[in-house]
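Participant: Structure file model-v8.tsv (TSV, N, CA, C and O atoms) is given on the next line.
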```
chain	number	residue	atom	x	y	z
A	8	SER	N	0.84	-1.19	0.00
A	8	SER	CA	0.00	0.00	0.00
A	8	SER	C	0.87	1.24	0.00
A	8	SER	O	2.00	1.21	0.43
A	9	SER	N	0.30	2.30	-0.48
A	9	SER	CA	0.98	3.58	-0.49
A	9	SER	C	0.06	4.58	0.20
A	9	SER	O	-0.79	5.19	-0.43
A	10	VAL	N	0.22	4.71	1.52
A	10	VAL	CA	-0.65	5.59	2.30
A	10	VAL	C	0.05	6.92	2.49
A	10	VAL	O	1.18	6.97	2.95
A	11	ARG	N	-0.64	7.99	2.11
A	11	ARG	CA	-0.05	9.32	2.20
A	11	ARG	C	-1.01	10.29	2.85
A	11	ARG	O	-2.20	10.29	2.51
A	12	PRO	N	-0.49	11.13	3.74
A	12	PRO	CA	-1.36	12.18	4.27
A	12	PRO	C	-1.34	13.36	3.32
A	12	PRO	O	-0.33	13.67	2.70
A	13	SER	N	-2.48	13.97	3.15
A	13	SER	CA	-2.49	15.22	2.41
A	13	SER	C	-1.98	16.28	3.38
A	13	SER	O	-1.85	16.03	4.56
A	14	ALA	N	-1.69	17.43	2.85
A	14	ALA	CA	-1.28	18.51	3.74
A	14	ALA	C	-2.39	18.74	4.75
A	14	ALA	O	-3.57	18.71	4.40
A	15	ALA	N	-2.02	18.92	5.96
A	15	ALA	CA	-3.01	19.20	7.00
A	15	ALA	C	-3.73	20.49	6.63
A	15	ALA	O	-3.14	21.39	6.05
A	16	ARG	N	-4.97	20.55	6.94
A	16	ARG	CA	-5.75	21.74	6.59
A	16	ARG	C	-5.20	22.96	7.28
A	16	ARG	O	-4.87	22.93	8.46
A	17	ALA	N	-5.09	24.01	6.53
A	17	ALA	CA	-4.45	25.22	7.02
A	17	ALA	C	-5.19	25.86	8.18
A	17	ALA	O	-4.57	26.45	9.05
A	18	LEU	N	-6.50	25.75	8.21
A	18	LEU	CA	-7.25	26.41	9.27
A	18	LEU	C	-7.48	25.45	10.42
A	18	LEU	O	-8.32	24.57	10.34
A	19	ALA	N	-6.69	25.61	11.43
A	19	ALA	CA	-6.85	24.79	12.64
A	19	ALA	C	-7.95	25.41	13.49
A	19	ALA	O	-8.15	26.62	13.49
A	20	ARG	N	-8.67	24.56	14.22
A	20	ARG	CA	-9.72	25.04	15.12
A	20	ARG	C	-9.19	25.01	16.54
A	20	ARG	O	-8.50	24.08	16.93
A	21	VAL	N	-9.53	26.02	17.31
A	21	VAL	CA	-9.12	26.09	18.70
A	21	VAL	C	-10.31	25.70	19.58
A	21	VAL	O	-11.39	26.26	19.45
A	22	VAL	N	-10.10	24.69	20.43
A	22	VAL	CA	-11.16	24.20	21.31
A	22	VAL	C	-10.57	23.94	22.69
A	22	VAL	O	-9.66	23.11	22.83
A	23	ARG	N	-11.02	24.65	23.70
A	23	ARG	CA	-10.63	24.41	25.09
A	23	ARG	C	-9.12	24.26	25.28
A	23	ARG	O	-8.64	23.22	25.71
A	24	ALA	N	-8.36	25.25	24.96
A	24	ALA	CA	-6.91	25.30	25.18
A	24	ALA	C	-6.15	24.31	24.34
A	24	ALA	O	-5.01	23.99	24.62
A	25	SER	N	-6.78	23.80	23.28
A	25	SER	CA	-6.10	22.90	22.34
A	25	SER	C	-6.39	23.35	20.92
A	25	SER	O	-7.43	23.95	20.65
A	26	THR	N	-5.47	23.03	20.02
A	26	THR	CA	-5.67	23.31	18.61
A	26	THR	C	-5.92	22.00	17.89
A	26	THR	O	-5.10	21.07	17.99
A	27	LEU	N	-7.04	21.90	17.18
A	27	LEU	CA	-7.40	20.69	16.44
A	27	LEU	C	-7.10	20.89	14.97
A	27	LEU	O	-7.51	21.89	14.38
A	28	VAL	N	-6.39	19.93	14.37
A	28	VAL	CA	-6.00	20.03	12.97
A	28	VAL	C	-6.51	18.80	12.24
A	28	VAL	O	-6.21	17.67	12.61
A	29	GLU	N	-7.29	19.02	11.20
A	29	GLU	CA	-7.83	17.91	10.41
A	29	GLU	C	-6.83	17.48	9.35
A	29	GLU	O	-6.22	18.32	8.68
A	30	ILE	N	-6.64	16.16	9.22
A	30	ILE	CA	-5.79	15.62	8.17
A	30	ILE	C	-6.60	14.61	7.37
A	30	ILE	O	-7.58	14.06	7.85
A	31	ILE	N	-6.19	14.39	6.14
A	31	ILE	CA	-6.84	13.41	5.28
A	31	ILE	C	-5.78	12.43	4.80
A	31	ILE	O	-4.75	12.84	4.25
A	32	LEU	N	-6.01	11.14	5.04
A	32	LEU	CA	-5.10	10.10	4.58
A	32	LEU	C	-5.67	9.47	3.32
A	32	LEU	O	-6.86	9.15	3.27
A	33	THR	N	-4.84	9.26	2.32
A	33	THR	CA	-5.25	8.63	1.08
A	33	THR	C	-4.40	7.39	0.86
A	33	THR	O	-3.18	7.44	0.95
A	34	ASN	N	-5.06	6.27	0.58
A	34	ASN	CA	-4.35	5.03	0.27
A	34	ASN	C	-4.37	4.86	-1.24
A	34	ASN	O	-5.38	4.52	-1.84
A	35	GLU	N	-3.23	5.11	-1.88
A	35	GLU	CA	-3.12	5.02	-3.33
A	35	GLU	C	-2.69	3.63	-3.78
A	35	GLU	O	-2.48	3.39	-4.96
A	36	GLY	N	-2.56	2.72	-2.83
A	36	GLY	CA	-2.11	1.37	-3.14
A	36	GLY	C	-3.25	0.44	-3.49
A	36	GLY	O	-4.41	0.83	-3.56
A	37	THR	N	-2.91	-0.83	-3.68
A	37	THR	CA	-3.88	-1.85	-4.08
A	37	THR	C	-4.31	-2.73	-2.92
A	37	THR	O	-5.10	-3.65	-3.09
A	38	LYS	N	-3.78	-2.47	-1.72
A	38	LYS	CA	-4.11	-3.25	-0.54
A	38	LYS	C	-4.55	-2.33	0.58
A	38	LYS	O	-4.14	-1.17	0.65
A	39	THR	N	-5.37	-2.86	1.49
A	39	THR	CA	-5.79	-2.11	2.66
A	39	THR	C	-4.58	-1.89	3.58
A	39	THR	O	-3.73	-2.77	3.71
A	40	ALA	N	-4.51	-0.73	4.18
A	40	ALA	CA	-3.48	-0.44	5.18
A	40	ALA	C	-4.14	-0.41	6.55
A	40	ALA	O	-5.15	0.27	6.75
A	41	ALA	N	-3.62	-1.19	7.49
A	41	ALA	CA	-4.18	-1.25	8.83
A	41	ALA	C	-3.20	-0.67	9.84
A	41	ALA	O	-2.00	-0.58	9.57
A	42	ALA	N	-3.71	-0.29	10.99
A	42	ALA	CA	-2.89	0.24	12.09
A	42	ALA	C	-1.94	1.34	11.58
A	42	ALA	O	-0.75	1.33	11.84
A	43	VAL	N	-2.52	2.31	10.87
A	43	VAL	CA	-1.74	3.40	10.29
A	43	VAL	C	-1.37	4.39	11.39
A	43	VAL	O	-2.21	4.83	12.15
A	44	LYS	N	-0.09	4.74	11.46
A	44	LYS	CA	0.40	5.71	12.44
A	44	LYS	C	0.90	6.95	11.70
A	44	LYS	O	1.70	6.84	10.79
A	45	VAL	N	0.37	8.11	12.12
A	45	VAL	CA	0.75	9.38	11.50
A	45	VAL	C	1.35	10.27	12.57
A	45	VAL	O	0.80	10.43	13.65
A	46	HIS	N	2.51	10.84	12.27
A	46	HIS	CA	3.18	11.78	13.17
A	46	HIS	C	3.09	13.16	12.53
A	46	HIS	O	3.37	13.32	11.35
A	47	LEU	N	2.69	14.16	13.31
A	47	LEU	CA	2.59	15.52	12.81
A	47	LEU	C	3.47	16.45	13.62
A	47	LEU	O	3.57	16.32	14.84
A	48	THR	N	4.10	17.37	12.92
A	48	THR	CA	4.91	18.40	13.56
A	48	THR	C	4.32	19.75	13.18
A	48	THR	O	4.12	20.04	12.00
A	49	ALA	N	4.01	20.56	14.18
A	49	ALA	CA	3.48	21.91	13.97
A	49	ALA	C	4.55	22.91	14.39
A	49	ALA	O	5.18	22.76	15.43
A	50	THR	N	4.74	23.92	13.56
A	50	THR	CA	5.75	24.95	13.83
A	50	THR	C	5.06	26.23	14.25
A	50	THR	O	4.12	26.69	13.59
A	51	TYR	N	5.52	26.77	15.36
A	51	TYR	CA	5.03	28.04	15.91
A	51	TYR	C	6.23	28.95	16.06
A	51	TYR	O	6.91	28.91	17.08
A	52	GLY	N	6.56	29.72	15.04
A	52	GLY	CA	7.76	30.55	15.10
A	52	GLY	C	8.99	29.65	15.19
A	52	GLY	O	9.27	28.86	14.31
A	53	THR	N	9.71	29.74	16.32
A	53	THR	CA	10.90	28.89	16.50
A	53	THR	C	10.60	27.63	17.29
A	53	THR	O	11.47	26.80	17.48
A	54	GLU	N	9.35	27.48	17.76
A	54	GLU	CA	8.98	26.33	18.57
A	54	GLU	C	8.25	25.29	17.71
A	54	GLU	O	7.49	25.62	16.80
A	55	GLU	N	8.48	24.01	18.02
A	55	GLU	CA	7.76	22.92	17.37
A	55	GLU	C	6.99	22.12	18.40
A	55	GLU	O	7.45	21.94	19.52
A	56	ARG	N	5.81	21.66	18.01
A	56	ARG	CA	5.01	20.76	18.84
A	56	ARG	C	4.66	19.55	18.00
A	56	ARG	O	4.56	19.64	16.77
A	57	GLU	N	4.45	18.42	18.66
A	57	GLU	CA	4.20	17.18	17.94
A	57	GLU	C	2.90	16.53	18.40
A	57	GLU	O	2.45	16.74	19.53
A	58	SER	N	2.32	15.75	17.49
A	58	SER	CA	1.11	15.00	17.79
A	58	SER	C	1.14	13.71	16.97
A	58	SER	O	1.72	13.67	15.88
A	59	ASP	N	0.53	12.66	17.51
A	59	ASP	CA	0.46	11.38	16.80
A	59	ASP	C	-1.00	10.97	16.68
A	59	ASP	O	-1.80	11.20	17.58
A	60	VAL	N	-1.33	10.37	15.54
A	60	VAL	CA	-2.69	9.91	15.27
A	60	VAL	C	-2.61	8.47	14.79
A	60	VAL	O	-1.76	8.13	13.97
A	61	ASP	N	-3.50	7.61	15.31
A	61	ASP	CA	-3.60	6.22	14.87
A	61	ASP	C	-4.92	6.04	14.14
A	61	ASP	O	-5.97	6.46	14.63
A	62	ILE	N	-4.86	5.40	12.98
A	62	ILE	CA	-6.05	5.11	12.17
A	62	ILE	C	-6.18	3.60	12.08
A	62	ILE	O	-5.21	2.91	11.72
A	63	ASP	N	-7.36	3.06	12.37
A	63	ASP	CA	-7.56	1.61	12.33
A	63	ASP	C	-7.23	1.03	10.95
A	63	ASP	O	-6.49	0.05	10.85
A	64	PHE	N	-7.81	1.59	9.89
A	64	PHE	CA	-7.50	1.11	8.55
A	64	PHE	C	-7.88	2.14	7.51
A	64	PHE	O	-8.72	3.00	7.74
A	65	VAL	N	-7.22	2.05	6.34
A	65	VAL	CA	-7.57	2.86	5.18
A	65	VAL	C	-7.69	1.87	4.02
A	65	VAL	O	-6.71	1.24	3.63
A	66	PRO	N	-8.90	1.70	3.47
A	66	PRO	CA	-9.07	0.72	2.40
A	66	PRO	C	-8.31	1.11	1.14
A	66	PRO	O	-8.01	2.29	0.94
A	67	ARG	N	-8.00	0.13	0.32
A	67	ARG	CA	-7.30	0.43	-0.94
A	67	ARG	C	-8.11	1.44	-1.73
A	67	ARG	O	-9.35	1.37	-1.80
A	68	GLY	N	-7.43	2.43	-2.25
A	68	GLY	CA	-8.09	3.48	-3.00
A	68	GLY	C	-8.98	4.39	-2.16
A	68	GLY	O	-9.67	5.25	-2.69
A	69	GLY	N	-8.93	4.24	-0.84
A	69	GLY	CA	-9.83	4.99	0.03
A	69	GLY	C	-9.17	6.17	0.73
A	69	GLY	O	-7.97	6.39	0.62
A	70	LYS	N	-9.99	6.89	1.48
A	70	LYS	CA	-9.53	8.04	2.26
A	70	LYS	C	-10.10	7.94	3.66
A	70	LYS	O	-11.17	7.39	3.88
A	71	ARG	N	-9.39	8.51	4.61
A	71	ARG	CA	-9.86	8.62	5.98
A	71	ARG	C	-9.50	10.01	6.49
A	71	ARG	O	-8.43	10.53	6.20
A	72	GLU	N	-10.40	10.58	7.27
A	72	GLU	CA	-10.12	11.87	7.92
A	72	GLU	C	-9.83	11.61	9.38
A	72	GLU	O	-10.37	10.69	9.99
A	73	ALA	N	-8.94	12.42	9.94
A	73	ALA	CA	-8.57	12.29	11.35
A	73	ALA	C	-8.30	13.68	11.91
A	73	ALA	O	-8.10	14.64	11.16
A	74	ILE	N	-8.30	13.77	13.23
A	74	ILE	CA	-8.02	15.03	13.91
A	74	ILE	C	-6.78	14.85	14.78
A	74	ILE	O	-6.70	13.92	15.58
A	75	ALA	N	-5.81	15.74	14.61
A	75	ALA	CA	-4.62	15.78	15.47
A	75	ALA	C	-4.84	16.90	16.49
A	75	ALA	O	-5.40	17.95	16.16
A	76	VAL	N	-4.40	16.67	17.72
A	76	VAL	CA	-4.58	17.65	18.79
A	76	VAL	C	-3.21	18.16	19.23
A	76	VAL	O	-2.32	17.38	19.54
A	77	PHE	N	-3.09	19.48	19.26
A	77	PHE	CA	-1.87	20.13	19.74
A	77	PHE	C	-2.23	20.99	20.94
A	77	PHE	O	-3.31	21.59	20.98
A	78	SER	N	-1.34	21.07	21.91
A	78	SER	CA	-1.60	21.91	23.08
A	78	SER	C	-1.44	23.38	22.68
A	78	SER	O	-0.70	23.72	21.78
A	79	GLY	N	-2.17	24.23	23.37
A	79	GLY	CA	-2.08	25.66	23.13
A	79	GLY	C	-3.18	26.14	22.19
A	79	GLY	O	-3.82	25.36	21.50
A	80	THR	N	-3.38	27.44	22.18
A	80	THR	CA	-4.47	28.01	21.39
A	80	THR	C	-4.00	28.82	20.18
A	80	THR	O	-4.82	29.28	19.41
A	81	GLU	N	-2.70	28.99	20.01
A	81	GLU	CA	-2.25	29.73	18.84
A	81	GLU	C	-2.24	28.80	17.62
A	81	GLU	O	-2.07	27.60	17.74
A	82	ARG	N	-2.47	29.39	16.46
A	82	ARG	CA	-2.49	28.61	15.23
A	82	ARG	C	-1.06	28.41	14.72
A	82	ARG	O	-0.28	29.33	14.70
A	83	PRO	N	-0.74	27.17	14.29
A	83	PRO	CA	0.61	26.90	13.81
A	83	PRO	C	0.86	27.57	12.46
A	83	PRO	O	-0.05	27.73	11.65
A	84	ALA	N	2.13	27.94	12.23
A	84	ALA	CA	2.53	28.51	10.94
A	84	ALA	C	2.58	27.42	9.88
A	84	ALA	O	2.17	27.63	8.74
A	85	THR	N	3.10	26.24	10.24
A	85	THR	CA	3.16	25.11	9.32
A	85	THR	C	2.82	23.83	10.07
A	85	THR	O	3.05	23.72	11.28
A	86	ILE	N	2.28	22.86	9.34
A	86	ILE	CA	1.99	21.55	9.90
A	86	ILE	C	2.50	20.52	8.90
A	86	ILE	O	2.16	20.57	7.71
A	87	THR	N	3.33	19.60	9.38
A	87	THR	CA	3.90	18.58	8.51
A	87	THR	C	3.46	17.19	8.98
A	87	THR	O	3.89	16.73	10.04
A	88	PRO	N	2.58	16.52	8.21
A	88	PRO	CA	2.17	15.17	8.56
A	88	PRO	C	3.07	14.14	7.87
A	88	PRO	O	3.55	14.37	6.76
A	89	LYS	N	3.31	13.01	8.55
A	89	LYS	CA	4.15	11.95	7.97
A	89	LYS	C	3.64	10.60	8.45
A	89	LYS	O	3.47	10.38	9.66
A	90	VAL	N	3.37	9.69	7.50
A	90	VAL	CA	3.01	8.33	7.88
A	90	VAL	C	4.28	7.63	8.32
A	90	VAL	O	5.27	7.57	7.58
A	91	VAL	N	4.29	7.11	9.56
A	91	VAL	CA	5.49	6.47	10.09
A	91	VAL	C	5.37	4.96	10.14
A	91	VAL	O	6.34	4.27	10.44
A	92	GLY	N	4.18	4.43	9.84
A	92	GLY	CA	4.05	2.98	9.81
A	92	GLY	C	2.63	2.53	9.55
A	92	GLY	O	1.68	3.26	9.80
A	93	TYR	N	2.51	1.32	8.98
A	93	TYR	CA	1.22	0.67	8.79
A	93	TYR	C	1.46	-0.81	8.51
A	93	TYR	O	2.58	-1.24	8.28
A	94	VAL	N	0.39	-1.59	8.57
A	94	VAL	CA	0.45	-3.03	8.36
A	94	VAL	C	-0.41	-3.36	7.16
A	94	VAL	O	-1.51	-2.80	7.00
A	95	GLU	N	0.06	-4.28	6.32
A	95	GLU	CA	-0.78	-4.79	5.23
A	95	GLU	C	-1.37	-6.11	5.71
A	95	GLU	O	-0.66	-7.11	5.78
A	96	PRO	N	-2.66	-6.10	6.09
A	96	PRO	CA	-3.27	-7.32	6.66
A	96	PRO	C	-3.41	-8.45	5.63
A	96	PRO	O	-3.41	-8.23	4.47
```
Using the file provided, produce a representation of the structure as structure tokens.

Facilitator:
Amino acid sequence: SSVRPSAARALARVVRASTLVEIILTNEGTKTAAAVKVHLTATYGTEERESDVDIDFVPRGGKREAIAVFSGTERPATITPKVVGYVEP
């Protein structure tokens, strides 16, 4: 499988002292990807914050939406998502 996150949506939502960032995962492969792990890095000026998201599965040719949570209420300047692992069941 070839699971890729799209760029995280530029407009993060602030909810109760946390910033929520929506990401979309696309599986461009021919097999289902299970136990997908996504690591995100958000940049705030010179500071970076990290968040991890686990997705149960992304079917072949399918998409899944997920929410990453970052501490703090300021909006990040950049968000970099990266798939760090998955299983082909």

Participant: Could you work out how far atom N of A:Val45 lies from atom C of A:Gly92, giving the answer in Å with one decimal?

Facilitator: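 Separation between atom C of A:Gly92 and atom N of A:Val45: 6.5 Å.
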
Participant: Rank A:Leu32, A:Val90, A:Ala24, A:Leu47 by their smallest atom-to-atom distance to A:Lys70, using only C-alpha atoms, and report the top residue only.

Facilitator: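 Nearest to A:Lys70: A:Leu32.
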
Participant: Using only C-alpha atoms, which residue out of A:Ser9, A:Thr87, A:Thr53, A:Thr80 lies closest to A:Thr39?

Facilitator: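 Using only C-alpha atoms, the shortest distance to A:Thr39 belongs to A:Ser9.
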
Participant: Would you please extract all strand (DSSP E or B) residues from stretch 52-94 of chain A, as assigned by DSSP on the backbone, and give them as number ranges by chain?

Facilitator: A: 54-65, 70-78, 85-94

Participant: Interatomic distance between atom O of A:Gly36 and atom C of A:Gly69?

Facilitator: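 Atom-to-atom, atom O of A:Gly36 and atom C of A:Gly69 are spaced 8.3 Å apart.
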
Participant: In Å, rounded to a single decimal, give me how far atom C of A:Ile62 is from atom O of A:Ser25.

Facilitator: 22.1 Å

Participant: Can you rebuild stretch 21-32 of chain A with all heavy atoms and give it as a PDB file, in the frame of the given file?

Facilitator:
```pdb
ATOM      1  N   VAL A  21      -9.530  26.020  17.310  1.00  0.00           N
ATOM      2  CA  VAL A  21      -9.120  26.090  18.700  1.00  0.00           C
ATOM      3  C   VAL A  21     -10.310  25.700  19.580  1.00  0.00           C
ATOM      4  O   VAL A  21     -11.390  26.260  19.450  1.00  0.00           O
ATOM      5  CB  VAL A  21      -8.621  27.498  19.071  1.00  0.00           C
ATOM      6  CG1 VAL A  21      -8.291  27.580  20.547  1.00  0.00           C
ATOM      7  CG2 VAL A  21      -7.418  27.862  18.216  1.00  0.00           C
ATOM      8  N   VAL A  22     -10.100  24.690  20.430  1.00  0.00           N
ATOM      9  CA  VAL A  22     -11.160  24.200  21.310  1.00  0.00           C
ATOM     10  C   VAL A  22     -10.570  23.940  22.690  1.00  0.00           C
ATOM     11  O   VAL A  22      -9.660  23.110  22.830  1.00  0.00           O
ATOM     12  CB  VAL A  22     -11.789  22.903  20.766  1.00  0.00           C
ATOM     13  CG1 VAL A  22     -12.838  22.373  21.721  1.00  0.00           C
ATOM     14  CG2 VAL A  22     -12.380  23.130  19.384  1.00  0.00           C
ATOM     15  N   ARG A  23     -11.020  24.650  23.700  1.00  0.00           N
ATOM     16  CA  ARG A  23     -10.630  24.410  25.090  1.00  0.00           C
ATOM     17  C   ARG A  23      -9.120  24.260  25.280  1.00  0.00           C
ATOM     18  O   ARG A  23      -8.640  23.220  25.710  1.00  0.00           O
ATOM     19  CB  ARG A  23     -11.328  23.183  25.633  1.00  0.00           C
ATOM     20  CG  ARG A  23     -12.805  23.355  25.730  1.00  0.00           C
ATOM     21  CD  ARG A  23     -13.424  22.185  26.407  1.00  0.00           C
ATOM     22  NE  ARG A  23     -14.867  22.323  26.348  1.00  0.00           N
ATOM     23  CZ  ARG A  23     -15.691  21.346  26.590  1.00  0.00           C
ATOM     24  NH1 ARG A  23     -15.242  20.162  26.917  1.00  0.00           N
ATOM     25  NH2 ARG A  23     -16.971  21.540  26.516  1.00  0.00           N
ATOM     26  N   ALA A  24      -8.360  25.250  24.960  1.00  0.00           N
ATOM     27  CA  ALA A  24      -6.910  25.300  25.180  1.00  0.00           C
ATOM     28  C   ALA A  24      -6.150  24.310  24.340  1.00  0.00           C
ATOM     29  O   ALA A  24      -5.010  23.990  24.620  1.00  0.00           O
ATOM     30  CB  ALA A  24      -6.570  25.128  26.658  1.00  0.00           C
ATOM     31  N   SER A  25      -6.780  23.800  23.280  1.00  0.00           N
ATOM     32  CA  SER A  25      -6.100  22.900  22.340  1.00  0.00           C
ATOM     33  C   SER A  25      -6.390  23.350  20.920  1.00  0.00           C
ATOM     34  O   SER A  25      -7.430  23.950  20.650  1.00  0.00           O
ATOM     35  CB  SER A  25      -6.591  21.457  22.511  1.00  0.00           C
ATOM     36  OG  SER A  25      -6.243  20.961  23.775  1.00  0.00           O
ATOM     37  N   THR A  26      -5.470  23.030  20.020  1.00  0.00           N
ATOM     38  CA  THR A  26      -5.670  23.310  18.610  1.00  0.00           C
ATOM     39  C   THR A  26      -5.920  22.000  17.890  1.00  0.00           C
ATOM     40  O   THR A  26      -5.100  21.070  17.990  1.00  0.00           O
ATOM     41  CB  THR A  26      -4.437  24.021  18.020  1.00  0.00           C
ATOM     42  OG1 THR A  26      -4.214  25.222  18.756  1.00  0.00           O
ATOM     43  CG2 THR A  26      -4.632  24.358  16.555  1.00  0.00           C
ATOM     44  N   LEU A  27      -7.040  21.900  17.180  1.00  0.00           N
ATOM     45  CA  LEU A  27      -7.400  20.690  16.440  1.00  0.00           C
ATOM     46  C   LEU A  27      -7.100  20.890  14.970  1.00  0.00           C
ATOM     47  O   LEU A  27      -7.510  21.890  14.380  1.00  0.00           O
ATOM     48  CB  LEU A  27      -8.889  20.381  16.612  1.00  0.00           C
ATOM     49  CG  LEU A  27      -9.413  20.339  18.049  1.00  0.00           C
ATOM     50  CD1 LEU A  27     -10.894  19.998  18.048  1.00  0.00           C
ATOM     51  CD2 LEU A  27      -8.638  19.347  18.882  1.00  0.00           C
ATOM     52  N   VAL A  28      -6.390  19.930  14.370  1.00  0.00           N
ATOM     53  CA  VAL A  28      -6.000  20.030  12.970  1.00  0.00           C
ATOM     54  C   VAL A  28      -6.510  18.800  12.240  1.00  0.00           C
ATOM     55  O   VAL A  28      -6.210  17.670  12.610  1.00  0.00           O
ATOM     56  CB  VAL A  28      -4.456  20.113  12.830  1.00  0.00           C
ATOM     57  CG1 VAL A  28      -4.047  20.130  11.369  1.00  0.00           C
ATOM     58  CG2 VAL A  28      -3.931  21.341  13.550  1.00  0.00           C
ATOM     59  N   GLU A  29      -7.290  19.020  11.200  1.00  0.00           N
ATOM     60  CA  GLU A  29      -7.830  17.910  10.410  1.00  0.00           C
ATOM     61  C   GLU A  29      -6.830  17.480   9.350  1.00  0.00           C
ATOM     62  O   GLU A  29      -6.220  18.320   8.680  1.00  0.00           O
ATOM     63  CB  GLU A  29      -9.141  18.332   9.741  1.00  0.00           C
ATOM     64  CG  GLU A  29      -9.810  17.195   9.003  1.00  0.00           C
ATOM     65  CD  GLU A  29     -11.152  17.604   8.424  1.00  0.00           C
ATOM     66  OE1 GLU A  29     -11.381  18.805   8.193  1.00  0.00           O
ATOM     67  OE2 GLU A  29     -11.965  16.699   8.190  1.00  0.00           O
ATOM     68  N   ILE A  30      -6.640  16.160   9.220  1.00  0.00           N
ATOM     69  CA  ILE A  30      -5.790  15.620   8.170  1.00  0.00           C
ATOM     70  C   ILE A  30      -6.600  14.610   7.370  1.00  0.00           C
ATOM     71  O   ILE A  30      -7.580  14.060   7.850  1.00  0.00           O
ATOM     72  CB  ILE A  30      -4.506  14.951   8.720  1.00  0.00           C
ATOM     73  CG1 ILE A  30      -4.862  13.787   9.642  1.00  0.00           C
ATOM     74  CG2 ILE A  30      -3.624  15.959   9.407  1.00  0.00           C
ATOM     75  CD1 ILE A  30      -3.671  12.948  10.040  1.00  0.00           C
ATOM     76  N   ILE A  31      -6.190  14.390   6.140  1.00  0.00           N
ATOM     77  CA  ILE A  31      -6.840  13.410   5.280  1.00  0.00           C
ATOM     78  C   ILE A  31      -5.780  12.430   4.800  1.00  0.00           C
ATOM     79  O   ILE A  31      -4.750  12.840   4.250  1.00  0.00           O
ATOM     80  CB  ILE A  31      -7.520  14.075   4.074  1.00  0.00           C
ATOM     81  CG1 ILE A  31      -8.588  15.045   4.556  1.00  0.00           C
ATOM     82  CG2 ILE A  31      -8.122  13.013   3.148  1.00  0.00           C
ATOM     83  CD1 ILE A  31      -9.197  15.891   3.461  1.00  0.00           C
ATOM     84  N   LEU A  32      -6.010  11.140   5.040  1.00  0.00           N
ATOM     85  CA  LEU A  32      -5.100  10.100   4.580  1.00  0.00           C
ATOM     86  C   LEU A  32      -5.670   9.470   3.320  1.00  0.00           C
ATOM     87  O   LEU A  32      -6.860   9.150   3.270  1.00  0.00           O
ATOM     88  CB  LEU A  32      -4.943   8.995   5.632  1.00  0.00           C
ATOM     89  CG  LEU A  32      -4.241   9.391   6.907  1.00  0.00           C
ATOM     90  CD1 LEU A  32      -4.336   8.249   7.911  1.00  0.00           C
ATOM     91  CD2 LEU A  32      -2.799   9.706   6.624  1.00  0.00           C
TER      92      LEU A  32
END
```
